[in-house]
>>> print(open('structure_22.cif').read())   # mmCIF, C-alpha atoms and all ligand atoms
data_input
loop_
_atom_site.label_atom_id
_atom_site.label_comp_id
_atom_site.auth_asym_id
_atom_site.auth_seq_id
_atom_site.Cartn_x
_atom_site.Cartn_y
_atom_site.Cartn_z
CA MET W 1 14.38 24.35 44.64
CA PHE W 2 13.48 27.79 43.29
CA GLN W 3 10.23 29.67 43.88
CA VAL W 4 8.44 30.24 40.56
CA ALA W 5 6.40 33.32 39.61
CA ILE W 6 4.19 34.39 36.73
CA THR W 7 5.70 37.78 35.95
CA GLY W 8 3.92 38.77 32.73
CA THR W 9 0.88 38.07 30.56
CA GLY W 10 0.17 38.89 26.91
CA LEU W 11 -2.99 38.72 24.83
CA PHE W 12 -3.41 38.79 21.06
CA THR W 13 -7.02 39.42 19.97
CA PRO W 14 -7.87 39.04 16.25
CA LYS W 15 -9.46 42.10 14.68
CA ASN W 16 -12.55 40.37 13.21
CA VAL W 17 -15.66 40.10 15.39
CA ILE W 18 -18.69 37.91 14.67
CA THR W 19 -21.81 38.68 16.72
CA ASN W 20 -24.40 36.00 17.40
CA ASP W 21 -26.82 37.78 15.04
CA ALA W 22 -24.34 37.77 12.14
CA LEU W 23 -23.42 34.14 12.80
CA VAL W 24 -27.05 33.02 12.89
CA GLU W 25 -27.89 34.96 9.74
CA ALA W 26 -25.13 33.14 7.82
CA PHE W 27 -26.04 29.76 9.28
CA ASN W 28 -29.74 30.15 8.52
CA ALA W 29 -28.99 31.24 4.93
CA TYR W 30 -26.84 28.11 4.53
CA ALA W 31 -29.54 25.88 6.07
CA THR W 32 -32.28 27.42 3.92
CA THR W 33 -30.27 26.78 0.73
CA PHE W 34 -29.43 23.25 1.86
CA ASN W 35 -33.09 22.49 2.55
CA ALA W 36 -34.17 23.88 -0.84
CA GLU W 37 -31.50 21.91 -2.68
CA HIS W 38 -32.45 18.69 -0.87
CA ALA W 39 -36.22 19.28 -0.78
CA GLU W 40 -37.09 16.00 -2.50
CA ALA W 41 -34.81 13.86 -0.35
CA ILE W 42 -36.04 15.65 2.78
CA ALA W 43 -39.66 14.99 1.74
CA ALA W 44 -38.77 11.32 1.08
CA GLY W 45 -37.16 11.09 4.53
CA THR W 46 -33.70 10.11 3.24
CA VAL W 47 -32.03 13.42 4.21
CA ALA W 48 -32.66 15.31 7.45
CA ALA W 49 -33.69 18.95 7.06
CA LYS W 50 -31.30 21.45 8.64
CA PRO W 51 -33.06 23.22 11.54
CA MET W 52 -32.56 26.97 11.99
CA SER W 53 -30.25 28.43 14.64
CA SER W 54 -31.16 31.26 17.00
CA ALA W 55 -29.15 34.00 18.70
CA GLU W 56 -31.43 33.80 21.75
CA PHE W 57 -30.66 30.08 22.17
CA ILE W 58 -26.94 30.68 21.85
CA PHE W 59 -26.85 33.34 24.55
CA LYS W 60 -29.13 31.40 26.88
CA ALA W 61 -27.32 28.05 26.46
CA SER W 62 -23.77 29.40 26.60
CA GLY W 63 -23.52 33.06 27.71
CA ILE W 64 -21.67 33.86 24.46
CA GLU W 65 -22.46 37.17 22.72
CA GLN W 66 -19.70 37.33 20.10
CA ARG W 67 -16.37 35.81 19.11
CA TYR W 68 -13.11 37.00 17.49
CA VAL W 69 -11.78 35.09 14.47
CA MET W 70 -8.73 35.20 12.20
CA ASP W 71 -10.98 35.33 9.11
CA LYS W 72 -14.68 36.03 9.02
CA THR W 73 -15.45 36.39 5.32
CA GLY W 74 -15.36 32.62 4.70
CA ILE W 75 -17.22 31.78 7.92
CA LEU W 76 -20.03 34.22 7.13
CA ASP W 77 -20.35 33.21 3.46
CA PRO W 78 -23.18 30.62 3.33
CA GLU W 79 -21.43 29.05 0.32
CA ILE W 80 -18.18 28.50 2.28
CA MET W 81 -18.85 28.28 6.05
CA HIS W 82 -15.24 28.00 7.21
CA PRO W 83 -12.32 30.46 7.58
CA THR W 84 -10.42 31.07 4.36
CA LEU W 85 -6.86 31.43 5.55
CA ARG W 86 -4.27 31.70 2.82
CA GLN W 87 -1.82 28.79 2.65
CA ARG W 88 1.54 30.32 3.52
CA SER W 89 4.86 29.34 1.97
CA ASP W 90 7.53 27.69 4.10
CA ASP W 91 9.50 30.96 4.00
CA GLU W 92 6.72 32.92 5.72
CA PRO W 93 5.92 32.85 9.44
CA SER W 94 3.15 30.38 10.17
CA ILE W 95 -0.13 31.89 11.39
CA MET W 96 0.14 30.42 14.88
CA ALA W 97 3.72 31.68 15.22
CA GLU W 98 2.66 35.17 14.15
CA MET W 99 -0.17 35.30 16.72
CA ALA W 100 2.23 33.92 19.33
CA LEU W 101 4.90 36.51 18.56
CA ASP W 102 2.43 39.28 19.39
CA ALA W 103 1.25 37.67 22.65
CA CYS W 104 4.80 36.72 23.76
CA SER W 105 6.14 40.24 23.07
CA LYS W 106 3.33 41.70 25.18
CA ALA W 107 4.02 39.23 28.02
CA LEU W 108 7.72 40.19 27.99
CA ALA W 109 6.91 43.93 27.97
CA ASN W 110 4.44 43.39 30.81
CA ALA W 111 7.19 41.73 32.84
CA GLY W 112 9.87 44.26 31.88
CA ARG W 113 11.99 41.53 30.29
CA SER W 114 13.51 40.91 26.86
CA ALA W 115 13.47 37.85 24.62
CA ASP W 116 17.13 37.00 25.27
CA GLN W 117 16.18 36.38 28.92
CA VAL W 118 13.84 33.50 27.96
CA ASP W 119 15.25 29.98 28.35
CA ALA W 120 12.31 27.93 27.00
CA ILE W 121 9.10 28.29 25.03
CA ILE W 122 6.21 25.86 25.24
CA CYS W 123 3.57 26.29 22.54
CA ALA W 124 0.60 24.63 24.22
CA ALA W 125 -2.60 24.49 22.16
CA SER W 126 -5.47 22.26 21.04
CA ASN W 127 -4.26 22.02 17.44
CA HIS W 128 -0.95 22.68 15.80
CA GLU W 129 -0.60 24.03 12.29
CA ARG W 130 1.82 21.29 11.24
CA ALA W 131 3.48 18.19 12.65
CA TYR W 132 7.06 19.52 12.63
CA PRO W 133 9.27 21.47 13.01
CA ALA W 134 7.56 22.53 16.25
CA ILE W 135 5.66 25.83 16.08
CA ALA W 136 7.39 26.65 19.39
CA ILE W 137 10.81 26.54 17.72
CA GLU W 138 9.61 28.92 15.01
CA ILE W 139 8.32 31.26 17.75
CA GLN W 140 11.71 30.98 19.48
CA GLN W 141 13.42 32.11 16.28
CA LEU W 142 10.98 34.95 15.53
CA LEU W 143 11.23 36.19 19.11
CA GLY W 144 15.01 35.84 19.29
CA SER W 145 15.10 33.81 22.49
CA GLY W 146 17.62 31.11 23.39
CA GLY W 147 17.42 27.71 25.04
CA PHE W 148 14.86 25.29 23.63
CA ALA W 149 11.21 25.08 22.63
CA PHE W 150 8.57 22.42 22.10
CA ASP W 151 4.87 21.97 21.33
CA MET W 152 2.37 20.25 23.54
CA ASN W 153 -1.34 19.50 23.26
CA VAL W 154 -3.76 18.73 26.07
CA ALA W 155 -6.74 20.35 24.28
CA CYS W 156 -8.50 22.93 26.48
CA SER W 157 -6.14 22.17 29.38
CA SER W 158 -2.98 22.87 27.36
CA ALA W 159 -2.18 26.18 29.11
CA THR W 160 -2.31 24.91 32.69
CA PHE W 161 -0.48 21.68 31.80
CA GLY W 162 2.14 23.84 30.04
CA ILE W 163 2.44 26.06 33.12
CA GLN W 164 2.99 22.99 35.32
CA ALA W 165 5.71 21.68 32.94
CA ALA W 166 7.47 25.08 32.82
CA ALA W 167 7.11 25.71 36.56
CA ASP W 168 8.60 22.30 37.38
CA MET W 169 11.64 23.00 35.20
CA ILE W 170 12.21 26.41 36.80
CA ARG W 171 11.67 24.98 40.28
CA ALA W 172 14.24 22.24 39.62
CA GLY W 173 16.77 24.71 38.22
CA SER W 174 17.18 23.40 34.67
CA ILE W 175 15.92 26.76 33.31
CA ARG W 176 15.41 30.22 34.85
CA SER W 177 12.45 31.34 32.73
CA ALA W 178 9.89 30.12 30.20
CA ILE W 179 7.01 31.39 28.10
CA VAL W 180 3.89 29.26 27.80
CA VAL W 181 2.01 30.48 24.73
CA ASN W 182 -1.44 29.38 23.50
CA PRO W 183 -2.28 30.30 19.91
CA GLU W 184 -5.78 28.90 19.41
CA ILE W 185 -7.32 29.01 15.92
CA CYS W 186 -10.48 27.23 17.02
CA SER W 187 -12.32 28.51 13.93
CA GLY W 188 -10.24 26.04 11.91
CA HIS W 189 -11.49 22.95 13.77
CA LEU W 190 -15.10 24.02 14.31
CA GLU W 191 -17.85 22.74 11.99
CA TRP W 192 -19.68 26.00 11.25
CA ARG W 193 -22.46 24.05 9.46
CA ASP W 194 -23.47 22.16 12.63
CA ARG W 195 -26.18 24.08 14.51
CA ASP W 196 -25.44 22.34 17.82
CA CYS W 197 -21.90 23.72 18.06
CA HIS W 198 -21.40 26.46 15.42
CA PHE W 199 -21.50 29.18 18.09
CA ILE W 200 -19.04 27.70 20.58
CA PHE W 201 -15.53 28.80 19.59
CA GLY W 202 -13.39 31.84 18.80
CA ASP W 203 -9.71 32.55 18.04
CA VAL W 204 -7.11 34.20 20.28
CA CYS W 205 -3.55 33.81 21.60
CA THR W 206 -2.38 34.15 25.20
CA ALA W 207 1.10 34.01 26.72
CA VAL W 208 2.49 33.92 30.25
CA LEU W 209 6.10 34.48 31.30
CA LEU W 210 7.31 32.34 34.21
CA GLU W 211 10.54 33.16 36.04
CA ARG W 212 12.35 32.51 39.29
CA GLU W 213 10.66 34.84 41.74
CA GLU W 214 14.03 36.38 42.60
CA ASP W 215 14.23 37.63 38.95
CA ALA W 216 10.82 39.37 38.98
CA GLN W 217 11.05 43.06 38.03
CA GLY W 218 7.78 44.14 39.64
CA ALA W 219 4.39 42.93 40.88
CA HIS W 220 3.83 39.25 40.06
CA PHE W 221 2.07 36.06 41.10
CA THR W 222 4.00 33.32 42.83
CA ILE W 223 2.92 29.81 41.85
CA ARG W 224 2.11 28.05 45.12
CA SER W 225 1.43 24.74 43.41
CA THR W 226 -0.04 23.08 40.30
CA ARG W 227 -2.16 19.94 39.80
CA CYS W 228 -3.03 18.11 36.57
CA ALA W 229 -5.38 15.15 36.05
CA THR W 230 -6.75 13.20 33.06
CA SER W 231 -9.42 10.55 32.52
CA PHE W 232 -10.19 9.14 29.05
CA SER W 233 -13.48 10.09 27.36
CA ASN W 234 -14.76 10.18 23.77
CA ASN W 235 -17.29 12.88 24.56
CA ILE W 236 -15.07 15.61 23.09
CA ARG W 237 -13.18 14.27 20.10
CA ASN W 238 -11.55 15.30 16.80
CA ASN W 239 -10.31 12.46 14.57
CA ASN W 240 -8.24 14.60 12.24
CA GLY W 241 -4.65 13.43 12.18
CA PHE W 242 -1.71 12.40 10.10
CA LEU W 243 -3.18 8.98 9.13
CA ARG W 244 -6.20 10.63 7.52
CA ARG W 245 -4.99 10.33 3.92
CA MET W 246 -4.29 6.61 4.33
CA ARG W 247 -7.92 5.78 4.94
CA PRO W 248 -10.01 4.61 1.94
CA ASP W 249 -12.31 7.61 2.43
CA GLY W 250 -9.44 9.84 3.52
CA LEU W 251 -10.13 12.88 1.40
CA LYS W 252 -13.90 13.00 1.88
CA ASP W 253 -15.52 15.68 4.01
CA ARG W 254 -16.03 13.69 7.20
CA ARG W 255 -17.82 15.25 10.16
CA ASP W 256 -15.54 13.53 12.69
CA MET W 257 -12.50 15.38 11.27
CA GLN W 258 -13.63 18.52 13.13
CA PHE W 259 -14.56 19.19 16.76
CA MET W 260 -17.30 16.82 17.97
CA GLN W 261 -18.89 16.76 21.40
CA ASN W 262 -21.66 15.20 23.36
CA GLY W 263 -22.38 18.51 25.07
CA ARG W 264 -24.87 17.28 27.66
CA LYS W 265 -22.56 14.46 28.84
CA VAL W 266 -19.62 16.83 28.95
CA PHE W 267 -21.68 19.16 31.04
CA LYS W 268 -22.67 16.44 33.52
CA GLU W 269 -19.36 14.58 33.74
CA VAL W 270 -16.85 17.44 33.72
CA LEU W 271 -18.57 19.56 36.40
CA PRO W 272 -18.01 17.15 39.33
CA MET W 273 -14.52 16.31 38.08
CA VAL W 274 -13.44 19.96 38.03
CA SER W 275 -15.13 20.99 41.28
CA SER W 276 -13.59 18.14 43.27
CA HIS W 277 -10.20 18.66 41.56
CA ILE W 278 -10.07 22.28 42.73
CA GLN W 279 -11.36 21.42 46.21
CA THR W 280 -8.74 18.66 46.65
CA HIS W 281 -5.99 20.93 45.37
CA LEU W 282 -6.99 23.65 47.86
CA GLN W 283 -7.10 21.14 50.73
CA GLU W 284 -3.65 19.79 49.87
CA GLU W 285 -2.36 23.36 49.85
CA GLY W 286 -3.90 23.95 53.29
CA LEU W 287 -6.40 26.47 51.93
CA GLU W 288 -10.10 26.96 52.68
CA ALA W 289 -12.60 28.14 50.08
CA ASP W 290 -12.78 31.48 51.93
CA ASP W 291 -9.05 31.97 51.36
CA LEU W 292 -9.69 32.22 47.60
CA ARG W 293 -9.92 35.77 46.32
CA ARG W 294 -10.44 34.91 42.63
CA LEU W 295 -11.17 31.99 40.26
CA TRP W 296 -9.98 32.33 36.66
CA LEU W 297 -11.84 29.45 35.07
CA HIS W 298 -11.78 27.86 31.62
CA GLN W 299 -14.38 29.65 29.53
CA ALA W 300 -16.60 27.06 27.82
CA ASN W 301 -20.06 27.75 29.14
CA LYS W 302 -21.37 30.34 31.62
CA THR W 303 -23.73 27.97 33.45
CA MET W 304 -20.86 25.52 33.87
CA ASN W 305 -18.57 28.22 35.31
CA ASP W 306 -21.30 29.52 37.61
CA PHE W 307 -21.83 25.98 38.90
CA ILE W 308 -18.12 25.37 39.52
CA GLY W 309 -17.70 28.74 41.25
CA LYS W 310 -20.65 28.05 43.53
CA LYS W 311 -19.50 24.52 44.34
CA VAL W 312 -15.93 25.58 45.14
CA LEU W 313 -16.81 28.67 47.20
CA GLY W 314 -19.94 27.15 48.80
CA ARG W 315 -21.95 30.25 47.73
CA THR W 316 -22.66 32.27 44.60
CA PRO W 317 -19.40 34.02 43.64
CA LYS W 318 -19.43 37.81 43.32
CA ALA W 319 -18.69 39.08 39.81
CA ASP W 320 -15.09 39.98 40.63
CA GLU W 321 -14.44 36.61 42.32
CA GLN W 322 -15.11 34.64 39.13
CA PRO W 323 -14.64 36.90 36.10
CA ASN W 324 -16.01 35.76 32.73
CA ILE W 325 -14.72 36.76 29.31
CA LEU W 326 -16.85 34.20 27.47
CA GLN W 327 -19.41 36.78 26.40
CA ASP W 328 -16.75 38.59 24.31
CA TYR W 329 -14.40 35.78 23.23
CA ALA W 330 -16.58 32.60 23.27
CA ASN W 331 -14.71 29.38 24.08
CA THR W 332 -11.07 29.86 23.09
CA SER W 333 -9.96 26.43 24.28
CA SER W 334 -6.78 26.50 26.37
CA ALA W 335 -6.51 30.31 26.23
CA GLY W 336 -9.82 31.07 28.01
CA SER W 337 -8.67 30.92 31.63
CA ILE W 338 -5.51 32.87 30.72
CA ILE W 339 -7.52 35.65 29.03
CA ALA W 340 -9.55 35.92 32.26
CA PHE W 341 -6.31 35.94 34.28
CA ALA W 342 -4.65 38.56 32.03
CA LYS W 343 -7.65 40.89 31.99
CA HIS W 344 -8.84 40.56 35.59
CA GLN W 345 -6.05 41.23 38.08
CA ASP W 346 -7.43 44.51 39.41
CA GLY W 347 -8.19 44.82 43.10
CA LEU W 348 -5.83 42.04 44.19
CA THR W 349 -3.39 43.00 46.92
CA ASP W 350 -0.30 41.41 48.43
CA GLY W 351 -1.03 37.88 49.67
CA ASP W 352 -4.35 37.46 47.80
CA VAL W 353 -4.73 33.89 46.53
CA GLY W 354 -6.48 32.72 43.38
CA VAL W 355 -6.73 29.67 41.17
CA ILE W 356 -6.40 29.39 37.39
CA CYS W 357 -8.24 26.28 36.21
CA SER W 358 -8.79 24.83 32.76
CA PHE W 359 -10.63 21.68 31.70
CA GLY W 360 -11.82 19.94 28.57
CA ALA W 361 -11.13 17.12 26.13
CA GLY W 362 -9.30 14.10 27.42
CA TYR W 363 -11.00 14.60 29.83
CA SER W 364 -8.36 16.82 31.38
CA VAL W 365 -8.23 19.33 34.22
CA GLY W 366 -5.35 21.52 35.39
CA SER W 367 -5.20 23.99 38.27
CA VAL W 368 -2.58 26.56 39.26
CA ILE W 369 -2.80 28.21 42.69
CA VAL W 370 -1.21 31.65 42.60
CA GLU W 371 -0.52 34.33 45.22
CA ARG W 372 -0.30 38.04 44.45
CA LYS W 373 2.97 39.75 45.35
CA SER W 374 3.07 43.50 44.86
N1 LIG C 1 -30.15 27.25 17.92
C1 LIG C 1 -31.37 26.87 18.32
N2 LIG C 1 -31.61 25.70 18.93
C2 LIG C 1 -30.57 24.87 19.12
C3 LIG C 1 -29.27 25.21 18.74
C4 LIG C 1 -29.07 26.44 18.11
N3 LIG C 1 -27.86 26.86 17.69
N4 LIG C 1 -28.43 24.21 19.07
C5 LIG C 1 -29.19 23.26 19.65
N5 LIG C 1 -30.49 23.66 19.68
C6 LIG C 1 -31.65 22.93 20.20
C7 LIG C 1 -31.37 21.43 20.22
O1 LIG C 1 -31.65 20.85 18.97
C8 LIG C 1 -32.30 20.96 21.31
O2 LIG C 1 -33.61 20.85 20.80
P1 LIG C 1 -34.57 19.66 21.30
O3 LIG C 1 -34.72 19.88 22.78
O4 LIG C 1 -35.77 19.88 20.50
O5 LIG C 1 -33.81 18.39 20.98
C9 LIG C 1 -32.29 22.12 22.29
O6 LIG C 1 -31.86 23.27 21.55
C10 LIG C 1 -31.31 21.86 23.44
O7 LIG C 1 -30.07 21.46 22.84
P2 LIG C 1 -28.87 20.88 23.67
O8 LIG C 1 -27.70 20.66 22.78
O9 LIG C 1 -29.33 19.73 24.49
O10 LIG C 1 -28.62 22.18 24.58
P3 LIG C 1 -27.90 22.35 25.94
O11 LIG C 1 -28.79 23.13 26.82
O12 LIG C 1 -27.30 21.09 26.44
O13 LIG C 1 -26.69 23.35 25.55
C11 LIG C 1 -24.33 23.29 25.04
C12 LIG C 1 -25.75 23.00 24.56
C13 LIG C 1 -23.33 22.77 24.02
C14 LIG C 1 -24.16 24.80 25.15
C15 LIG C 1 -24.13 22.64 26.43
O14 LIG C 1 -24.46 21.27 26.37
C16 LIG C 1 -22.72 22.75 26.93
O15 LIG C 1 -22.24 23.84 27.18
N6 LIG C 1 -22.01 21.64 27.14
C17 LIG C 1 -20.66 21.63 27.57
C18 LIG C 1 -19.86 22.25 26.49
C19 LIG C 1 -18.40 22.23 26.81
O16 LIG C 1 -17.99 22.70 27.82
N7 LIG C 1 -17.62 21.69 25.93
C20 LIG C 1 -16.25 21.64 26.12
C21 LIG C 1 -15.62 22.06 24.87
S1 LIG C 1 -13.96 22.35 25.23
#
>>> encode(input="structure_22.cif", output="structure tokens")
Amino acid sequence: MFQVAITGTGLFTPKNVITNDALVEAFNAYATTFNAEHAEAIAAGTVAAKPMSSAEFIFKASGIEQRYVMDKTGILDPEIMHPTLRQRSDDEPSIMAEMALDACSKALANAGRSADQVDAIICAASNHERAYPAIAIEIQQLLGSGGFAFDMNVACSSATFGIQAAADMIRAGSIRSAIVVNPEICSGHLEWRDRDCHFIFGDVCTAVLLEREEDAQGAHFTIRSTRCATSFSNNIRNNNGFLRRMRPDGLKDRRDMQFMQNGRKVFKEVLPMVSSHIQTHLQEEGLEADDLRRLWLHQANKTMNDFIGKKVLGRTPKADEQPNILQDYANTSSAGSIIAFAKHQDGLTDGDVGVICSFGAGYSVGSVIVERKS
């Protein structure tokens, strides 16, 4: 068995920012037009009026201040209300592969390694741009790495589940190194016309390079252990899929073909699941809460993260013990905990232990206990 280490991280951030104020202005313009156009039906009680959104509510309910997106012109146009991403030809790189190439290149540079030293690529994300060939194989070709590549999807937990899969292969010796990359175009599966969730998501891509520890070129994090768990729930669901066109109403604009959630139930049910998952993982690793120097949590909601941090540590975490990036990036699905991990490694010294944890649809929860080695 080989000891596995995370030796590099990479982050691709789209250039377009949408603040809460800009988002709310577009939504309210859309809702106002909708209400005017349906005034009679609304008065007759056959159509529900669209209520207005508010930037104050968004910040208070979620902690989100802005989000990055691949396209903002379509999202902010009250006549469109979704990203307008040009359909690319089969001869062009797909959008996810392009984002991934940037993040993977940065992860390799961060680790002081080159693409030909990568044995496997796992493209782990909530949605994939096409069914096949795998986006991961396209990334492999663009990057110029060898070995093999495949896609996987465990929604918001995709990154940690991907890290477990890659770490297990390296540990067993079938590969020496792997990149787990998470291109998340959440703007494409968010319903921007739904006030209850239009503020939740943003776009980003993260990548981590995993290698045998003996191959590490510099400071790194050894992976002490990983744990994954799932439990079926319909409370976060997206029915879009390859059978869509075969349904009698297949081409209609159906709300369930985008992200749907019962936010309050998610809040109540996922919190205990995640807290006890991390606590059990720590116990099995022989660690106490006080041994944890940092928690890099999935970034869905600030109150949720504050609750988990407090439950796991048994006290309110200090800012640098549980860093948040939610205020800048919003929820970026599987990439959230990895953005926090990539951006917040300062102050850790040799032997410091932390946990990366993601959770979400499925339900699913994955945790990775890491130890700093300088
Ligand atoms: N602007 C203004 N008001 C809004 C609003 C908006 N954009 N969205 C909802 N509201 C209103 C609601 O209509 C409701 O009004 P009511 O009390 O008159 O019915 C009120 O604000 C509270 O709405 P609710 O949806 O119950 O808010 P909440 O406090 O539960 O927060 C979430 C909403 C989504 C932020 C919260 O439930 C959450 O974070 N859940 C977990 C999300 C999550 O982690 N999902 C995982 C995805 S991977």
>>> axis_aligned_box(input="structure_22.cif", around="ligand LIG 1 (chain C)", padding_each_side="6 Å", output="lines of an AutoDock Vina configuration file")
center_x = -24.9
center_y = 22.8
center_z = 22.8
size_x = 33.8
size_y = 20.9
size_z = 22.1
>>> residues_near_ligand(input="structure_22.cif", ligand="ligand LIG 1 (chain C)", cutoff="9 Å", atoms="only C-alpha atoms and all ligand atoms", output="short mmCIF file (atom, residue, chain, number, x, y, z; two decimals) with C-alpha atoms, in the frame of the given file")
data_model
loop_
_atom_site.label_atom_id
_atom_site.label_comp_id
_atom_site.auth_asym_id
_atom_site.auth_seq_id
_atom_site.Cartn_x
_atom_site.Cartn_y
_atom_site.Cartn_z
CA VAL W 24 -27.05 33.02 12.89
CA PRO W 51 -33.06 23.22 11.54
CA MET W 52 -32.56 26.97 11.99
CA SER W 53 -30.25 28.43 14.64
CA SER W 54 -31.16 31.26 17.00
CA ALA W 55 -29.15 34.00 18.70
CA GLU W 56 -31.43 33.80 21.75
CA PHE W 57 -30.66 30.08 22.17
CA ILE W 58 -26.94 30.68 21.85
CA PHE W 59 -26.85 33.34 24.55
CA LYS W 60 -29.13 31.40 26.88
CA ALA W 61 -27.32 28.05 26.46
CA SER W 62 -23.77 29.40 26.60
CA GLY W 63 -23.52 33.06 27.71
CA ALA W 155 -6.74 20.35 24.28
CA CYS W 156 -8.50 22.93 26.48
CA SER W 157 -6.14 22.17 29.38
CA ASP W 194 -23.47 22.16 12.63
CA ARG W 195 -26.18 24.08 14.51
CA ASP W 196 -25.44 22.34 17.82
CA CYS W 197 -21.90 23.72 18.06
CA HIS W 198 -21.40 26.46 15.42
CA PHE W 199 -21.50 29.18 18.09
CA ILE W 200 -19.04 27.70 20.58
CA PHE W 201 -15.53 28.80 19.59
CA ASN W 235 -17.29 12.88 24.56
CA ILE W 236 -15.07 15.61 23.09
CA PHE W 259 -14.56 19.19 16.76
CA MET W 260 -17.30 16.82 17.97
CA GLN W 261 -18.89 16.76 21.40
CA ASN W 262 -21.66 15.20 23.36
CA GLY W 263 -22.38 18.51 25.07
CA ARG W 264 -24.87 17.28 27.66
CA LYS W 265 -22.56 14.46 28.84
CA VAL W 266 -19.62 16.83 28.95
CA PHE W 267 -21.68 19.16 31.04
CA LYS W 268 -22.67 16.44 33.52
CA VAL W 270 -16.85 17.44 33.72
CA HIS W 298 -11.78 27.86 31.62
CA GLN W 299 -14.38 29.65 29.53
CA ALA W 300 -16.60 27.06 27.82
CA ASN W 301 -20.06 27.75 29.14
CA LYS W 302 -21.37 30.34 31.62
CA THR W 303 -23.73 27.97 33.45
CA MET W 304 -20.86 25.52 33.87
CA ASN W 331 -14.71 29.38 24.08
CA THR W 332 -11.07 29.86 23.09
CA SER W 333 -9.96 26.43 24.28
CA SER W 334 -6.78 26.50 26.37
CA PHE W 359 -10.63 21.68 31.70
CA GLY W 360 -11.82 19.94 28.57
CA ALA W 361 -11.13 17.12 26.13
#
>>> atom_distance(input="structure_22.cif", atom1="CA of Ile356 in chain W", atom2="CA of Thr230 in chain W")
16.8 Å
>>> closest_residue(input="structure_22.cif", among="W:Ile135, W:Val69, W:Ala29, W:Ile170", to="Val118 in chain W", atoms="all atoms listed in the file")
W:Ile170
>>> closest_atom_pairs(input="structure_22.cif", of="range 149-263 of chain W", to="range 84-89 of chain W", cutoff="12 Å", atoms="all atoms listed in the file", output="CSV")
residue,atom,partner,partner_atom,distance
W:Ile185,CA,W:Leu85,CA,10.7
W:Ser187,CA,W:Thr84,CA,10.1
W:Gly188,CA,W:Leu85,CA,9.0
>>> write_last_selection(input="structure_22.cif", atoms="C-alpha atoms", output="mmCIF file, keeping the file's coordinate frame")
data_model
loop_
_atom_site.group_PDB
_atom_site.id
_atom_site.type_symbol
_atom_site.label_atom_id
_atom_site.label_comp_id
_atom_site.auth_asym_id
_atom_site.auth_seq_id
_atom_site.Cartn_x
_atom_site.Cartn_y
_atom_site.Cartn_z
ATOM 1 C CA ILE W 185 -7.320 29.010 15.920
ATOM 2 C CA SER W 187 -12.320 28.510 13.930
ATOM 3 C CA GLY W 188 -10.240 26.040 11.910
#
>>> atom_distance(input="structure_22.cif", atom1="CA of Ser126 in chain W", atom2="CA of Gly202 in chain W")
12.6 Å
>>> closest_residue(input="structure_22.cif", among="W:His281, W:Gln345, W:Leu271, W:Leu23", to="Lys311 in chain W", atoms="all atoms listed in the file")
W:Leu271
>>> closest_residue(input="structure_22.cif", among="W:Arg224, W:Glu184, W:Asn16, W:Ser374", to="Gln66 in chain W", atoms="all atoms listed in the file")
W:Asn16
>>> closest_residue(input="structure_22.cif", among="W:Met257, W:Val274, W:Gly8, W:Glu321", to="Asn110 in chain W", atoms="all atoms listed in the file")
W:Gly8
>>> closest_residue(input="structure_22.cif", among="W:Cys228, W:Phe12, W:Arg237, W:Arg113", to="Ala178 in chain W", atoms="only C-alpha atoms")
W:Arg113
>>> closest_residue(input="structure_22.cif", among="W:Glu269, W:Asp215, W:Asp168, W:Asp256", to="Arg227 in chain W", atoms="all atoms listed in the file")
W:Asp168
>>> atom_distance(input="structure_22.cif", atom1="CA of Glu371 in chain W", atom2="CA of Ile308 in chain W")
20.6 Å
>>> residues_around(input="structure_22.cif", residues="Ile121 in chain W", least_positions_apart="5", cutoff="7 Å", atoms="all atoms listed in the file", output="PDB file with C-alpha atoms, in the frame of the given file")
ATOM      1  CA  ALA W 136       7.390  26.650  19.390  1.00  0.00           C
ATOM      2  CA  GLN W 140      11.710  30.980  19.480  1.00  0.00           C
ATOM      3  CA  PHE W 148      14.860  25.290  23.630  1.00  0.00           C
ATOM      4  CA  ALA W 149      11.210  25.080  22.630  1.00  0.00           C
ATOM      5  CA  PHE W 150       8.570  22.420  22.100  1.00  0.00           C
ATOM      6  CA  ALA W 178       9.890  30.120  30.200  1.00  0.00           C
ATOM      7  CA  ILE W 179       7.010  31.390  28.100  1.00  0.00           C
ATOM      8  CA  VAL W 180       3.890  29.260  27.800  1.00  0.00           C
TER       9      VAL W 180
END
>>> residues_near_point(input="structure_22.cif", point="(8.0, 31.0, 40.1)", cutoff="12 Å", atoms="only C-alpha atoms", output="JSON, numbers by chain")
{"W": [1, 2, 3, 4, 5, 6, 7, 8, 163, 164, 165, 166, 167, 168, 169, 170, 171, 172, 173, 175, 176, 177, 178, 208, 209, 210, 211, 212, 213, 214, 215, 216, 220, 221, 222, 223, 224, 225, 226, 368, 369, 370, 371, 372, 373]}
